[in-house]
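Chemist: Supplied in structure tokens, the structure appears directly below.
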Amino acid sequence: MTRGTLRRAGLLAAAVAAYALAAWAVAPGFYDGIAPPQPYRWVSPPPQVKATNQQPLSGHSTVRVASNGKVDPGSIFTQDGQAAIAFTPGVFVTPPDRSPVTIDIKPVTTFPNPGGIHLATNVYCITSSSPLAAGQQVLVTLQYSDQFPAPSDVYQSQADGPWQKIGNTGSAAPFYVSARATSLGCFAAGYAANAGQSAQGARVSGGQTLPIVVALAILVVVLAGIPLAVLRRRGAAGEDEG
Amino acid sequence: MLAPAPVRAVGLAVMAVGLEWARVLALRTPDWQALTLIAGGLAMCLLGVGRSREELGIGRSRLVERLVGGIALAGVLLLPAAARWGGGPILQPEFALAAVAVSVGEEIAFRGALFATLEHTFGPAVAVVGSTAAWTLAHALSHPPAFLPAVAAAGLLLAAWRWAVRDLVGPIVGHVIADLAL
């Protein structure tokens, strides 16, 4: 290996290390802004966006019961993409008549007083025609505005009860926040009012396919890299002998 | 008559950054977003017109190795997100073609044409640093400030590959996969 090759490899390794450090400091790390957030649609717009605000949209879908008796998996979005829930097979209780399960997501104008929480998004109430099975979870994802401080967590209120923090598992892109919930109800993202502007910002993402893409990338590199290295070595040895 | 090389290099950087900013500003209207992204990506590709494939780093030699290198770059770019994966929605289908157009366009413009011009004029160090700086500046309108160090580091990694391997196929492949996955 020549000094030039070593120098190049060293610079590449340093660049990989620098990227790993920088990308780890802010999630998701790599983000090219391909799907830009639409202007956030507020139920009650802040004064500075009142003139251009559009009303948020609701979401409605039905999920069928599969032949194995479990309610199918799915992702249900509002029509403007501002709120969504995702769930795996069997999360909802199978109706006795095996009829499809209806799920609705609606932005609401009235909700329990958030008290010491500053809500950074609309409040979305999610209902279904069949309850969640015991011990099961859905993933709730909410978009938030890029014009205001980012929320740090998702909060839930059930049956007009108090708001409770359910955390933040990360989301698919900047300006989205997600959390797992063990029951349906009303959801919003926000932060403690006395915390001021959230420094947390957008969190990690992924999409269902991301870990698979990375695993495949590693597999392809390993499987293809070994034969390529062997071929190169044989080629170099051949040249030396010739 | 051609302008002096330094002027051409600066002009190219201004054009590449300007095209990115124009695309981002156009995206602030809600209509035709995917089409705007595709048009923006194609416009960036035009900055490579008139240069040879070798000059841009997209020649055909050792293509398989460079494709594998691109997949490795994608793995590196996505690993921080995958390691902290929390699940959630994925890129909508209508934006998939747009993601390809934008990532190819950005690579041709920044690591292809601009890198080649800077390297020819000022040498490889300025090419790596200059193309990274222009790429970071180009993302200043579309990304919150907290994201820009990661953007700069990704640009540095891709530019380092471009210099070390004399290749743009790897960065194109890596960038396309990363954009499609996130």
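Going through the structure tokens in order, the chains are called A, B, and so on, while each chain numbers its residues from 1 and the ligands are numbered from 1 in the order shown.
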Contacts from chain B to chain A, 8 Å maximum, only C-alpha atoms: show me the residue list as a ChimeraX atom specification.

Modeler: /B:27-28,30,37,65,68-69,71-72,74-91,95,98-99,102,142-143,146-147,149-151,153-154,156-157,160-161,164,178-179,181-182

Chemist: Put those residues in a file: C-alpha atoms, as a compact mmCIF listing (two decimals), in the first residue's frame.

Modeler:
```txt
# COMPACT_ATOMS: atom_id res chain seq x y z
CA LEU B 27 -41.46 24.72 -2.38
CA ARG B 28 -43.03 27.16 0.06
CA PRO B 30 -48.12 24.15 -1.58
CA LEU B 37 -38.23 19.08 -6.70
CA GLU B 65 -16.50 -1.44 -7.03
CA VAL B 68 -20.52 -1.16 -3.85
CA GLY B 69 -18.73 1.88 -2.45
CA ILE B 71 -23.90 1.30 -0.94
CA ALA B 72 -21.27 1.48 1.80
CA ALA B 74 -25.40 4.89 2.17
CA GLY B 75 -24.85 2.60 5.14
CA VAL B 76 -22.61 5.17 6.81
CA LEU B 77 -25.04 8.04 6.09
CA LEU B 78 -28.03 6.14 7.47
CA LEU B 79 -26.41 4.39 10.42
CA PRO B 80 -26.98 7.22 12.98
CA ALA B 81 -30.69 7.27 12.14
CA ALA B 82 -31.02 3.48 12.00
CA ALA B 83 -29.30 3.06 15.36
CA ARG B 84 -31.91 5.30 16.99
CA TRP B 85 -34.80 4.08 14.88
CA GLY B 86 -38.20 4.69 16.42
CA GLY B 87 -40.47 3.76 13.53
CA GLY B 88 -42.87 6.01 11.71
CA PRO B 89 -44.13 7.03 8.29
CA ILE B 90 -41.90 6.83 5.22
CA LEU B 91 -41.35 9.02 2.13
CA PHE B 95 -41.61 12.11 -3.69
CA ALA B 98 -38.12 13.71 -6.75
CA ALA B 99 -35.65 12.37 -4.18
CA VAL B 102 -32.56 16.08 -6.25
CA SER B 142 -34.20 24.27 4.03
CA HIS B 143 -32.71 23.08 7.31
CA ALA B 146 -29.00 22.70 14.36
CA PHE B 147 -28.94 20.38 11.30
CA PRO B 149 -23.20 20.61 11.12
CA ALA B 150 -24.55 17.19 10.11
CA VAL B 151 -25.17 18.48 6.58
CA ALA B 153 -20.20 16.55 7.75
CA ALA B 154 -22.13 14.57 5.14
CA LEU B 156 -17.27 16.50 3.75
CA LEU B 157 -17.60 12.72 3.70
CA ALA B 160 -13.55 13.13 0.66
CA TRP B 161 -14.73 10.05 -1.24
CA ALA B 164 -9.86 9.78 -2.53
CA ALA B 178 -30.17 7.85 1.91
CA ASP B 179 -32.74 10.29 0.50
CA ALA B 181 -34.77 5.88 3.06
CA LEU B 182 -35.24 9.13 5.01
```

Chemist: Neighbouring residues of segment 50-66 of chain A were defined as those with any atom within 9 Å, considering only C-alpha atoms; residues of the same chain fewer than 2 positions away were excluded. Please report them as a PyMOL selection string.

Modeler: chain A and resi 39-48+68-74+76-84+89-90+94-95+98-107+122+124

Chemist: Which of segment 10-241 of chain A end up as strand (DSSP E) when DSSP is run on this backbone - answer as a PyMOL selection string?

Modeler: chain A and resi 59-63+74-77+83-87+101-108+117-119+123-128+138-143+153-157+164-167+176-181+186-192

Chemist: Between atom CA of Gly185 of chain A and atom CA of Ala133 of chain A, what distance in Å does the model show, to one decimal?

Modeler: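 Atom CA of Ala133 of chain A lies 14.7 Å from atom CA of Gly185 of chain A.
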
Chemist: Which is closer to Met15 of chain B than all the others in B:Ala39, B:Leu67, B:Leu97, B:Ala109, using only C-alpha atoms?

Modeler: B:Ala109

Chemist: With distances taken over only C-alpha atoms, which of B:Arg66, B:Arg51, B:His139, B:Arg23 is nearest to Leu114 of chain B?

Modeler: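 Once distances to Leu114 of chain B are computed over only C-alpha atoms, the minimum belongs to B:Arg51.
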
Chemist: Skip Val128 of chain B itself and residues of its chain fewer than 6 positions away, then list as a ChimeraX atom specification all residues within 9 Å of it, counting only C-alpha atoms.

Modeler: /B:111,115,118-119,155-156,158-160,162-163

Chemist: Here is a test: counting only C-alpha atoms, which residue of B:Pro93, B:Gly18, B:Gly112, B:Pro6 is nearest to Val49 of chain B?

Modeler: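 Checking each candidate against Val49 of chain B, we get B:Gly112 as the closest.
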
Chemist: Can you pull out every residue within 8 Å of Leu19 of chain B, counting only C-alpha atoms, but drop anything in the same chain fewer than 5 positions away, and send it as a list in words?

Modeler: Gly40, Ala43 and Met44 of chain B

Chemist: Using the selection just defined, write its residues with N, CA and C atoms as an mmCIF file, in the first residue's frame.

Modeler:
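Contents of part31.cif, as written:
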```cif
data_model
loop_
_atom_site.group_PDB
_atom_site.id
_atom_site.type_symbol
_atom_site.label_atom_id
_atom_site.label_comp_id
_atom_site.auth_asym_id
_atom_site.auth_seq_id
_atom_site.Cartn_x
_atom_site.Cartn_y
_atom_site.Cartn_z
ATOM 1 N N GLY B 40 -35.958 21.159 -9.982
ATOM 2 C CA GLY B 40 -34.769 21.661 -9.291
ATOM 3 C C GLY B 40 -33.588 20.714 -9.458
ATOM 4 N N ALA B 43 -32.293 20.906 -13.032
ATOM 5 C CA ALA B 43 -31.551 22.161 -13.242
ATOM 6 C C ALA B 43 -30.136 22.043 -12.688
ATOM 7 N N MET B 44 -30.004 21.376 -11.533
ATOM 8 C CA MET B 44 -28.666 21.174 -10.956
ATOM 9 C C MET B 44 -27.811 20.304 -11.882
#
```

Chemist: Between atom CA of Ser61 of chain B and atom CA of Thr121 of chain B, what is the distance, to one decimal in Å?

Modeler: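 It comes out at 25.0 Å.
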
Chemist: What does the structure give for the distance between atom CA of Leu63 of chain B and atom CA of Thr132 of chain B, in Å to one decimal?

Modeler: 24.6 Å

Chemist: Among segment 75-158 of chain B, which ones does DSSP assign to helix (DSSP H, G or I) (computed from the backbone)? Answer as a PyMOL selection string.

Modeler: chain B and resi 75-83+94-122+124-138+145-158

Chemist: With only C-alpha atoms as the basis for distance, which of B:Val176, B:Val165, B:Thr117, B:Leu46 is at the shortest distance from Gly11 of chain B?

Modeler: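 Ranked by minimum distance to Gly11 of chain B, first place goes to B:Thr117.
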
Chemist: At a cut-off of 8 Å, using only C-alpha atoms, what residues contact Ser183 of chain A? Leave out same-chain residues fewer than 5 positions from it and give the result as a list in words.

Modeler: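 Everything that qualifies: Pro131, Leu132, Gln137 and Val138 of chain A.
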
Chemist: Mind dumping the selected residues with C-alpha atoms as a PDB file, in the first residue's frame?

Modeler:
```pdb
ATOM      1  CA  PRO A 131     -60.767  -1.087  21.524  1.00  0.00           C
ATOM      2  CA  LEU A 132     -57.064  -1.815  21.731  1.00  0.00           C
ATOM      3  CA  GLN A 137     -49.641  -0.252  21.604  1.00  0.00           C
ATOM      4  CA  VAL A 138     -50.149   2.089  18.664  1.00  0.00           C
TER       5      VAL A 138
END
```
